[in-house]
file protein25.cif (mmCIF, C-alpha atoms and all ligand atoms)
data_my_file
loop_
_atom_site.group_PDB
_atom_site.id
_atom_site.type_symbol
_atom_site.label_atom_id
_atom_site.label_comp_id
_atom_site.auth_asym_id
_atom_site.auth_seq_id
_atom_site.Cartn_x
_atom_site.Cartn_y
_atom_site.Cartn_z
ATOM 1 C CA MET A 1 123.046 108.484 109.398
ATOM 2 C CA ASP A 2 121.945 106.535 112.432
ATOM 3 C CA LEU A 3 118.941 104.646 111.048
ATOM 4 C CA LEU A 4 117.547 101.354 112.308
ATOM 5 C CA PRO A 5 119.485 98.494 110.648
ATOM 6 C CA GLU A 6 116.191 96.757 109.811
ATOM 7 C CA ILE A 7 115.198 99.798 107.766
ATOM 8 C CA VAL A 8 118.546 100.196 106.059
ATOM 9 C CA ASN A 9 119.085 96.508 105.293
ATOM 10 C CA ARG A 10 115.586 95.392 104.290
ATOM 11 C CA VAL A 11 115.132 94.456 100.668
ATOM 12 C CA THR A 12 112.318 92.587 99.011
ATOM 13 C CA VAL A 13 113.069 88.855 98.902
ATOM 14 C CA ARG A 14 111.648 86.722 96.102
ATOM 15 C CA HIS A 15 113.621 83.482 96.592
ATOM 16 C CA PHE A 16 112.947 81.524 99.748
ATOM 17 C CA GLU A 17 114.420 78.436 101.385
ATOM 18 C CA GLU A 18 111.986 75.603 102.039
ATOM 19 C CA ARG A 19 112.441 75.541 105.809
ATOM 20 C CA GLY A 20 109.500 76.838 107.779
ATOM 21 C CA ILE A 21 109.389 79.517 110.416
ATOM 22 C CA ASP A 22 109.683 78.764 114.114
ATOM 23 C CA PRO A 23 106.205 79.231 115.673
ATOM 24 C CA ALA A 24 107.574 81.475 118.452
ATOM 25 C CA CYS A 25 109.152 83.707 115.820
ATOM 26 C CA LEU A 26 105.887 83.836 113.882
ATOM 27 C CA ASP A 27 104.071 84.745 117.107
ATOM 28 C CA ARG A 28 106.406 87.708 117.653
ATOM 29 C CA ILE A 29 105.780 88.895 114.103
ATOM 30 C CA LEU A 30 102.011 88.673 114.611
ATOM 31 C CA GLU A 31 102.312 90.463 117.938
ATOM 32 C CA ALA A 32 104.107 93.302 116.139
ATOM 33 C CA GLY A 33 101.029 93.596 113.918
ATOM 34 C CA ARG A 34 98.595 93.338 116.790
ATOM 35 C CA ILE A 35 100.029 96.352 118.582
ATOM 36 C CA ALA A 36 100.158 98.567 115.486
ATOM 37 C CA PRO A 37 98.442 101.954 115.592
ATOM 38 C CA SER A 38 95.135 102.474 113.778
ATOM 39 C CA ALA A 39 92.689 105.314 113.265
ATOM 40 C CA LYS A 40 90.587 105.713 116.420
ATOM 41 C CA ASN A 41 92.244 102.497 117.579
ATOM 42 C CA ARG A 42 89.612 100.567 115.603
ATOM 43 C CA GLN A 43 92.065 97.788 114.635
ATOM 44 C CA PRO A 44 90.094 96.808 111.524
ATOM 45 C CA TRP A 45 92.264 93.824 110.662
ATOM 46 C CA ARG A 46 92.403 90.072 110.540
ATOM 47 C CA PHE A 47 95.646 88.306 109.728
ATOM 48 C CA ILE A 48 95.277 84.888 108.135
ATOM 49 C CA ILE A 49 98.432 82.794 108.289
ATOM 50 C CA VAL A 50 98.829 80.365 105.431
ATOM 51 C CA GLN A 51 101.494 77.669 105.584
ATOM 52 C CA ASP A 52 99.716 74.766 103.919
ATOM 53 C CA GLU A 53 101.599 73.954 100.705
ATOM 54 C CA ARG A 54 98.490 73.285 98.626
ATOM 55 C CA LYS A 55 96.977 76.602 99.629
ATOM 56 C CA ARG A 56 100.241 78.435 98.941
ATOM 57 C CA LYS A 57 100.227 77.027 95.406
ATOM 58 C CA MET A 58 96.643 78.228 95.015
ATOM 59 C CA PHE A 59 97.839 81.637 96.197
ATOM 60 C CA GLU A 60 100.581 81.540 93.575
ATOM 61 C CA GLN A 61 97.975 80.961 90.862
ATOM 62 C CA ALA A 62 95.746 83.688 92.267
ATOM 63 C CA SER A 63 98.791 85.992 92.186
ATOM 64 C CA PHE A 64 99.132 85.521 88.433
ATOM 65 C CA GLY A 65 101.866 82.917 88.723
ATOM 66 C CA GLN A 66 104.334 84.840 90.883
ATOM 67 C CA GLU A 67 106.481 81.887 91.922
ATOM 68 C CA HIS A 68 107.791 83.469 95.106
ATOM 69 C CA VAL A 69 104.244 83.494 96.455
ATOM 70 C CA GLY A 70 104.054 79.690 96.351
ATOM 71 C CA GLN A 71 107.647 79.335 97.505
ATOM 72 C CA ALA A 72 107.374 81.413 100.687
ATOM 73 C CA PRO A 73 106.885 79.024 103.645
ATOM 74 C CA ALA A 74 104.470 81.418 105.323
ATOM 75 C CA ILE A 75 102.101 84.022 103.979
ATOM 76 C CA ILE A 76 100.173 86.478 106.094
ATOM 77 C CA ALA A 77 97.043 87.585 104.290
ATOM 78 C CA CYS A 78 96.276 90.997 105.772
ATOM 79 C CA CYS A 79 92.506 91.439 105.605
ATOM 80 C CA SER A 80 90.060 94.110 106.700
ATOM 81 C CA THR A 81 87.205 93.671 109.166
ATOM 82 C CA ASN A 82 85.667 97.046 108.342
ATOM 83 C CA ILE A 83 85.823 98.804 105.010
ATOM 84 C CA GLU A 84 83.494 101.699 105.683
ATOM 85 C CA TYR A 85 85.072 103.852 108.333
ATOM 86 C CA ARG A 86 86.319 107.148 107.009
ATOM 87 C CA MET A 87 88.528 109.413 109.045
ATOM 88 C CA PRO A 88 87.464 113.016 109.621
ATOM 89 C CA ASN A 89 89.518 113.978 106.543
ATOM 90 C CA GLY A 90 87.187 111.832 104.408
ATOM 91 C CA GLN A 91 89.749 109.147 103.637
ATOM 92 C CA LEU A 92 89.159 105.445 104.224
ATOM 93 C CA SER A 93 91.113 104.213 107.203
ATOM 94 C CA TYR A 94 91.448 100.488 106.510
ATOM 95 C CA PRO A 95 94.171 100.526 103.829
ATOM 96 C CA ILE A 96 96.243 102.829 106.013
ATOM 97 C CA ASP A 97 95.642 100.896 109.238
ATOM 98 C CA ILE A 98 96.454 97.585 107.622
ATOM 99 C CA SER A 99 99.565 99.011 105.989
ATOM 100 C CA PHE A 100 100.834 100.108 109.400
ATOM 101 C CA ALA A 101 100.244 96.635 110.844
ATOM 102 C CA ALA A 102 101.879 94.956 107.846
ATOM 103 C CA THR A 103 104.855 97.315 108.072
ATOM 104 C CA GLN A 104 105.372 96.518 111.747
ATOM 105 C CA MET A 105 105.184 92.786 110.983
ATOM 106 C CA MET A 106 107.589 93.231 108.087
ATOM 107 C CA PHE A 107 110.228 94.942 110.200
ATOM 108 C CA GLN A 108 109.834 92.454 113.052
ATOM 109 C CA ALA A 109 110.362 89.701 110.462
ATOM 110 C CA VAL A 110 113.517 91.427 109.209
ATOM 111 C CA HIS A 111 114.674 91.732 112.815
ATOM 112 C CA GLU A 112 114.140 87.954 113.158
ATOM 113 C CA GLY A 113 116.430 87.346 110.169
ATOM 114 C CA LEU A 114 113.661 86.620 107.691
ATOM 115 C CA GLY A 115 113.126 87.867 104.170
ATOM 116 C CA THR A 116 109.831 89.497 103.266
ATOM 117 C CA CYS A 117 107.851 90.512 100.224
ATOM 118 C CA VAL A 118 104.677 92.567 100.090
ATOM 119 C CA VAL A 119 102.309 91.358 97.370
ATOM 120 C CA THR A 120 99.250 93.174 96.103
ATOM 121 C CA THR A 121 99.182 91.819 92.557
ATOM 122 C CA PHE A 122 96.483 89.209 92.948
ATOM 123 C CA ASP A 123 92.960 88.257 92.001
ATOM 124 C CA GLU A 124 91.273 89.291 95.209
ATOM 125 C CA ALA A 125 88.084 87.309 94.565
ATOM 126 C CA ALA A 126 90.152 84.124 94.154
ATOM 127 C CA LEU A 127 91.966 84.751 97.448
ATOM 128 C CA GLN A 128 88.680 85.498 99.188
ATOM 129 C CA GLU A 129 87.341 82.162 98.051
ATOM 130 C CA ILE A 130 90.450 80.219 99.135
ATOM 131 C CA LEU A 131 90.409 81.893 102.556
ATOM 132 C CA THR A 132 86.618 82.029 102.991
ATOM 133 C CA VAL A 133 86.812 85.793 103.480
ATOM 134 C CA PRO A 134 83.311 87.311 103.625
ATOM 135 C CA TYR A 135 82.457 89.191 100.416
ATOM 136 C CA SER A 136 82.075 92.461 102.276
ATOM 137 C CA MET A 137 85.707 92.312 103.455
ATOM 138 C CA ARG A 138 88.921 92.951 101.570
ATOM 139 C CA VAL A 139 92.234 91.142 101.252
ATOM 140 C CA VAL A 140 94.466 94.199 101.323
ATOM 141 C CA MET A 141 97.887 92.626 100.913
ATOM 142 C CA LEU A 142 99.953 89.503 101.348
ATOM 143 C CA LEU A 143 103.120 89.525 103.397
ATOM 144 C CA LEU A 144 105.435 86.704 102.322
ATOM 145 C CA LEU A 145 107.832 85.438 104.978
ATOM 146 C CA GLY A 146 110.741 83.038 104.791
ATOM 147 C CA TYR A 147 114.477 82.613 104.925
ATOM 148 C CA ALA A 148 116.087 84.213 101.905
ATOM 149 C CA ALA A 149 117.627 81.693 99.505
ATOM 150 C CA HIS A 150 119.241 84.602 97.792
ATOM 151 C CA THR A 151 118.532 88.252 97.394
ATOM 152 C CA GLU A 152 118.751 90.177 94.202
ATOM 153 C CA PRO A 153 121.191 93.049 94.333
ATOM 154 C CA SER A 154 119.339 96.084 95.528
ATOM 155 C CA PHE A 155 120.165 99.328 93.840
ATOM 156 C CA ARG A 156 118.044 101.230 96.306
ATOM 157 C CA GLU A 157 116.617 103.288 93.530
ATOM 158 C CA ARG A 158 114.877 105.975 95.437
ATOM 159 C CA LEU A 159 114.138 109.569 94.694
ATOM 160 C CA ALA A 160 116.661 111.941 96.186
ATOM 161 C CA LEU A 161 115.567 113.545 99.424
ATOM 162 C CA GLU A 162 115.535 117.004 97.902
ATOM 163 C CA ARG A 163 112.972 115.810 95.321
ATOM 164 C CA ILE A 164 110.495 114.537 97.869
ATOM 165 C CA ILE A 165 110.610 117.020 100.686
ATOM 166 C CA SER A 166 109.937 120.671 101.110
ATOM 167 C CA TYR A 167 109.683 122.831 104.161
ATOM 168 C CA GLU A 168 106.676 124.944 105.064
ATOM 169 C CA HIS A 169 104.968 124.764 101.626
ATOM 170 C CA TRP A 170 104.651 122.415 98.575
HETATM 171 C C1 LIG A 201 102.086 98.214 98.172
HETATM 172 C C2 LIG A 201 103.130 97.302 97.594
HETATM 173 C C3 LIG A 201 102.759 96.335 96.677
HETATM 174 C C4 LIG A 201 103.706 95.441 96.165
HETATM 175 N N1 LIG A 201 103.298 94.416 95.344
HETATM 176 C C5 LIG A 201 104.208 93.506 94.933
HETATM 177 C C6 LIG A 201 103.790 92.368 94.189
HETATM 178 O O1 LIG A 201 102.623 92.162 93.886
HETATM 179 N N2 LIG A 201 104.746 91.460 93.836
HETATM 180 C C7 LIG A 201 106.067 91.620 94.170
HETATM 181 O O2 LIG A 201 106.881 90.742 93.837
HETATM 182 N N3 LIG A 201 106.492 92.705 94.856
HETATM 183 C C8 LIG A 201 105.603 93.640 95.246
HETATM 184 N N4 LIG A 201 106.007 94.708 96.015
HETATM 185 C C9 LIG A 201 107.446 94.915 96.311
HETATM 186 C C10 LIG A 201 108.004 96.125 95.532
HETATM 187 O O3 LIG A 201 108.174 95.782 94.188
HETATM 188 C C11 LIG A 201 109.344 96.564 96.184
HETATM 189 O O4 LIG A 201 109.102 96.945 97.528
HETATM 190 C C12 LIG A 201 109.976 97.745 95.446
HETATM 191 O O5 LIG A 201 110.385 97.365 94.140
HETATM 192 C C13 LIG A 201 111.219 98.301 96.168
HETATM 193 O O6 LIG A 201 112.181 97.298 96.371
HETATM 194 P P1 LIG A 201 112.687 96.928 97.851
HETATM 195 O O7 LIG A 201 111.493 96.474 98.656
HETATM 196 O O8 LIG A 201 113.691 95.806 97.660
HETATM 197 O O9 LIG A 201 113.305 98.144 98.449
HETATM 198 C C14 LIG A 201 105.068 95.583 96.542
HETATM 199 C C15 LIG A 201 105.437 96.554 97.470
HETATM 200 C C16 LIG A 201 104.479 97.392 98.015
HETATM 201 C C17 LIG A 201 104.910 98.397 99.056
#
call {"tool": "encode", "arguments": {"input": "protein25.cif", "output": "structure tokens", "more": "lines below"}}
Ligand SMILES: Cc1cc2nc3c(=O)[nH]c(=O)nc-3n(C[C@H](O)[C@H](O)[C@H](O)COP(=O)(O)O)c2cc1C
result
Amino acid sequence: MDLLPEIVNRVTVRHFEERGIDPACLDRILEAGRIAPSAKNRQPWRFIIVQDERKRKMFEQASFGQEHVGQAPAIIACCSTNIEYRMPNGQLSYPIDISFAATQMMFQAVHEGLGTCVVTTFDEAALQEILTVPYSMRVVMLLLLGYAAHTEPSFRERLALERIISYEHW
């Protein structure tokens, strides 16, 4: 099947080299997030880039000791700037919008040769305090970025296509 190599080859990386990310490369990743689609084009996001080692260690603690969080040379905290807007179908838009932006950044990062890990297992209040996020806003997810020190073998355990699709009705 002719799929994008970034999609086929991406795996979650949880062991990072120490070396940081070239600022121009980071800019391209952020640009990929900036141009992401969002409901009504509201763009309800703010991306906070964290590279400071002390802060990354605080993030590790706030993520219940997940060592890869502190090890990643750069973390993009994907935050909301509006948590109220509901789409006409009644669903909140911000988790979806921010997931699209994070996904675009993730694949740009893979394209740049970086490893990535999405993290949502964290004490949100602790992250809000570290980042001075207003209480009315949410930290939706962290995107860890860095050069992979090694990747765990990926077994690509996914449900078979026939289990997750159907045509014309459920
Ligand atoms: C919404 C979401 C939340 C996740 N949260 C975490 C997390 O807190 N910590 C972590 O190490 N990995 C986390 N992951 C990574 C998943 O465990 C990983 O994507 C999944 O096991 C499939 O493996 P793969 O990415 O290598 O294909 C998360 C992924 C997603 C999409």
call {"tool": "residues_around", "arguments": {"input": "protein25.cif", "residues": "Phe59 of chain A", "least_positions_apart": "2", "cutoff": "8 Å", "atoms": "only C-alpha atoms", "output": "PyMOL selection string"}}
result
chain A and resi 55-57+61-63+69-70+127
call {"tool": "atom_distance", "arguments": {"input": "protein25.cif", "atom1": "atom CA of Arg10 of chain A", "atom2": "atom CA of Ala149 of chain A"}}
result
14.7 Å
call {"tool": "resolve_selection", "arguments": {"input": "protein25.cif", "expression": "the PyMOL selection byres (((chain A and resi 13-16) around 9) and not hetatm)", "output": "CSV table (one decimal) with C-alpha atoms, in the frame of the given file"}}
result
chain,number,residue,atom,x,y,z
A,10,ARG,CA,115.6,95.4,104.3
A,11,VAL,CA,115.1,94.5,100.7
A,12,THR,CA,112.3,92.6,99.0
A,17,GLU,CA,114.4,78.4,101.4
A,18,GLU,CA,112.0,75.6,102.0
A,19,ARG,CA,112.4,75.5,105.8
A,67,GLU,CA,106.5,81.9,91.9
A,68,HIS,CA,107.8,83.5,95.1
A,69,VAL,CA,104.2,83.5,96.5
A,71,GLN,CA,107.6,79.3,97.5
A,72,ALA,CA,107.4,81.4,100.7
A,73,PRO,CA,106.9,79.0,103.6
A,115,GLY,CA,113.1,87.9,104.2
A,116,THR,CA,109.8,89.5,103.3
A,117,CYS,CA,107.9,90.5,100.2
A,144,LEU,CA,105.4,86.7,102.3
A,145,LEU,CA,107.8,85.4,105.0
A,146,GLY,CA,110.7,83.0,104.8
A,147,TYR,CA,114.5,82.6,104.9
A,148,ALA,CA,116.1,84.2,101.9
A,149,ALA,CA,117.6,81.7,99.5
A,150,HIS,CA,119.2,84.6,97.8
A,151,THR,CA,118.5,88.3,97.4
A,152,GLU,CA,118.8,90.2,94.2
call {"tool": "closest_residue", "arguments": {"input": "protein25.cif", "among": "A:Arg163, A:Arg158, A:His169, A:Arg46", "to": "Leu142 of chain A", "atoms": "all atoms listed in the file"}}
result
A:Arg46
call {"tool": "closest_residue", "arguments": {"input": "protein25.cif", "among": "A:Val139, A:Ala74, A:Leu131, A:Ala126", "to": "Pro44 of chain A", "atoms": "all atoms listed in the file"}}
result
A:Val139
call {"tool": "closest_residue", "arguments": {"input": "protein25.cif", "among": "A:Ala160, A:Val118, A:Val140, A:Ile165", "to": "ligand LIG 201 (chain A)", "atoms": "all atoms listed in the file"}}
result
A:Val118
call {"tool": "residues_around", "arguments": {"input": "protein25.cif", "residues": "Ala32 of chain A", "least_positions_apart": "4", "cutoff": "10 Å", "atoms": "all atoms listed in the file", "output": "VMD selection string"}}
result
chain A and resid 26 to 28 36 101 to 109
call {"tool": "write_last_selection", "arguments": {"input": "protein25.cif", "atoms": "C-alpha atoms", "output": "compact mmCIF listing (two decimals), in the frame of the given file"}}
result
# COMPACT_ATOMS: atom_id res chain seq x y z
CA LEU A 26 105.89 83.84 113.88
CA ASP A 27 104.07 84.74 117.11
CA ARG A 28 106.41 87.71 117.65
CA ALA A 36 100.16 98.57 115.49
CA ALA A 101 100.24 96.64 110.84
CA ALA A 102 101.88 94.96 107.85
CA THR A 103 104.86 97.32 108.07
CA GLN A 104 105.37 96.52 111.75
CA MET A 105 105.18 92.79 110.98
CA MET A 106 107.59 93.23 108.09
CA PHE A 107 110.23 94.94 110.20
CA GLN A 108 109.83 92.45 113.05
CA ALA A 109 110.36 89.70 110.46
call {"tool": "closest_residue", "arguments": {"input": "protein25.cif", "among": "A:Val8, A:Ala39, A:Val133, A:Leu92", "to": "ligand LIG 201 (chain A)", "atoms": "only C-alpha atoms and all ligand atoms"}}
result
A:Val8
call {"tool": "atom_distance", "arguments": {"input": "protein25.cif", "atom1": "atom CA of Met137 of chain A", "atom2": "atom P1 of ligand LIG 201 (chain A)"}}
result
27.9 Å
call {"tool": "resolve_selection", "arguments": {"input": "protein25.cif", "expression": "the PyMOL selection byres (((chain A and resi 121) around 9) and not hetatm)", "output": "list in words"}}
result
Ala62, Ser63, Phe64, Gln66, Val119, Thr120, Phe122, Asp123, Glu124 and Met141 of chain A
call {"tool": "residues_around", "arguments": {"input": "protein25.cif", "residues": "Tyr94 of chain A", "least_positions_apart": "4", "cutoff": "9 Å", "atoms": "all atoms listed in the file", "output": "short mmCIF file (atom, residue, chain, number, x, y, z; two decimals) with C-alpha atoms, in the coordinates of the input"}}
result
data_model
loop_
_atom_site.label_atom_id
_atom_site.label_comp_id
_atom_site.auth_asym_id
_atom_site.auth_seq_id
_atom_site.Cartn_x
_atom_site.Cartn_y
_atom_site.Cartn_z
CA SER A 38 95.14 102.47 113.78
CA ALA A 39 92.69 105.31 113.26
CA GLN A 43 92.06 97.79 114.64
CA PRO A 44 90.09 96.81 111.52
CA TRP A 45 92.26 93.82 110.66
CA SER A 80 90.06 94.11 106.70
CA THR A 81 87.20 93.67 109.17
CA ASN A 82 85.67 97.05 108.34
CA ILE A 83 85.82 98.80 105.01
CA GLU A 84 83.49 101.70 105.68
CA TYR A 85 85.07 103.85 108.33
CA ARG A 86 86.32 107.15 107.01
CA ILE A 98 96.45 97.58 107.62
CA SER A 99 99.56 99.01 105.99
CA VAL A 140 94.47 94.20 101.32
#
call {"tool": "closest_residue", "arguments": {"input": "protein25.cif", "among": "A:Ile48, A:Ile96, A:Ile35, A:Cys79", "to": "ligand LIG 201 (chain A)", "atoms": "only C-alpha atoms and all ligand atoms"}}
result
A:Ile96
call {"tool": "atom_distance", "arguments": {"input": "protein25.cif", "atom1": "atom CA of Arg34 of chain A", "atom2": "atom CA of Cys78 of chain A"}}
result
11.5 Å
call {"tool": "closest_residue", "arguments": {"input": "protein25.cif", "among": "A:Pro134, A:Pro5, A:Gly65, A:Pro23", "to": "ligand LIG 201 (chain A)", "atoms": "all atoms listed in the file"}}
result
A:Gly65
call {"tool": "axis_aligned_box", "arguments": {"input": "protein25.cif", "around": "ligand LIG 201 (chain A)", "padding_each_side": "6 Å", "output": "lines of an AutoDock Vina configuration file"}}
result
center_x = 107.9
center_y = 94.6
center_z = 96.4
size_x = 23.6
size_y = 19.7
size_z = 17.2
call {"tool": "decode", "arguments": {"input": "protein25.cif", "residues": "segment 28-51 of chain A", "atoms": "C-alpha atoms", "output": "compact mmCIF listing (two decimals), in the first residue's frame"}}
result
# COMPACT_ATOMS: atom_id res chain seq x y z
CA ARG A 28 9.00 23.97 11.00
CA ILE A 29 7.32 21.65 13.48
CA LEU A 30 5.50 24.57 15.10
CA GLU A 31 4.50 25.89 11.69
CA ALA A 32 2.94 22.50 10.94
CA GLY A 33 0.80 23.00 14.04
CA ARG A 34 -0.03 26.59 13.23
CA ILE A 35 -1.58 25.71 9.88
CA ALA A 36 -3.66 22.81 11.21
CA PRO A 37 -7.40 22.80 10.57
CA SER A 38 -9.82 23.63 13.39
CA ALA A 39 -13.57 23.91 13.82
CA LYS A 40 -14.74 27.22 12.34
CA ASN A 41 -11.04 28.03 11.99
CA ARG A 42 -11.07 29.20 15.62
CA GLN A 43 -7.52 27.93 16.28
CA PRO A 44 -8.08 27.57 20.03
CA TRP A 45 -4.50 26.64 20.84
CA ARG A 46 -1.32 27.82 22.44
CA PHE A 47 1.84 25.76 22.15
CA ILE A 48 4.33 26.20 24.98
CA ILE A 49 7.81 24.96 24.15
CA VAL A 50 9.76 23.70 27.12
CA GLN A 51 13.48 23.00 26.80
